[in-house]
Structure formats: structure tokens, C-alpha cells
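K.L.:
Just dropping this structure here.
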Amino acid sequence: MTRVYAISLGAIALAVAASLLLVLRTGEGAAQEPDPGRIAEGRALYEANCAACHGANLQGQPFWQRRDPNTARLPAPPHDASGHTWHHPDAVLFRIVREGTEAVVGNGYESDMPGFGDVLTDDEIRAVLDYIRSTWPERERAYQAQVTAANP
């Protein structure tokens, strides 16, 4: 009975791994690419509201993983594939942009990332996120789509 159970678990694990590989290789299950006009709108909004801190090429600030010794705050992270933005579900990214990092993280966390809810409409925030997402390689987009599906 134990051997049958182990074989069954192995078969399930193999099926899950094969499915994940298919998603990562084909992009199946990834969010559909928004139209080019929406991406252009998101890019313009990003350039006007985000690039000053996160970089014109989404590269973030230098040493973004190290706290500033004067403020104890983390510099602005990159939004390209080298950063961690794609690790977060859409709902979290949307809230961070709309409300600011401090409001989302809570527990006294301090950040220089303000909320843009008074500056950008919800649709404009989504356009910015669509632009950022459009710059990621397919592997990161597929991963982020899975994270979003699991955490709506």
C-alpha cells in the first residue's frame, strides 16, 4: 500500500511539474496582453508619475535592497524582471500604487512610496501596471499570472 501511495504521489508531482513547465514555456494561463494603446497610455503615466523614483527604464534606484542608513527606508525597487514586482499579485500591486506601501504593509512600516489614488484614476493605475507587466519576459508574466490567480 505504501509503494502504491508513493507511486501515486510521484505521478501527481510529475503531472504538476509538466503543467507548470507548459505554462512557463507557452505562456498559457498568463494574462492576455493589453492593446498597444493601453500600454502606451500606461507608459506615459509611468514616465510622468513613477520614473523619477523607479527609473525611466524601470531599473529602480541603486542598492534598492539595502536600507538607507539615514532614513532606514528601502530605495525604490526596479519594476523590470530584476526586481520583485512580478512576485506580487495584481491586487497587491494595485493597492500599493493607489494607497502607498505604508498603508498596505502596515505595522509601522515606513516607505517613500506614496499612494497615487488622488492623482491617478483606478483605470490609469491599471494602465501603468499593464505597461510594467508588458516589459517582463514571458516567464515572469506567467509566474505573476499564477500568483494573481491564486490570490485574487
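Chains: A, B, ... in order of the C-alpha cells. Residues: from 1 per chain. Ligands: from 1, in order shown.
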DSSP on the backbone, then: every residue of stretch 50-98 of chain A marked helix (DSSP H, G or I), written as a list of chain:residue names.
P.N.:
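Here are the helix (DSSP H, G or I) residues of stretch 50-98 of chain A: A:Ala51, A:Ala52, A:Cys53, A:His54, A:Thr85, A:Trp86, A:His87, A:Asp90, A:Ala91, A:Val92, A:Leu93, A:Phe94, A:Arg95, A:Ile96, A:Val97, A:Arg98.
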K.L.:
Out of A:Asp80, A:Asp123, A:Asp112, A:Asp130, which residue has the shortest atom-to-atom distance to A:Pro34 when counting only C-alpha atoms?
P.N.:
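Smallest distance to A:Pro34 is found for A:Asp130.
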K.L.:
What gap, in Å, lies between atom CA of A:Gln146 and atom CA of A:Leu93?
P.N.:
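Separation between atom CA of A:Gln146 and atom CA of A:Leu93: 14.4 Å.
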K.L.:
For each of A:Arg66, A:Arg95, A:Arg133, A:Arg139, take the minimum atom-to-atom distance to A:Gly115, counting only C-alpha atoms, then give the residue where this is smallest.
P.N.:
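Result for the nearest residue to A:Gly115: A:Arg95.
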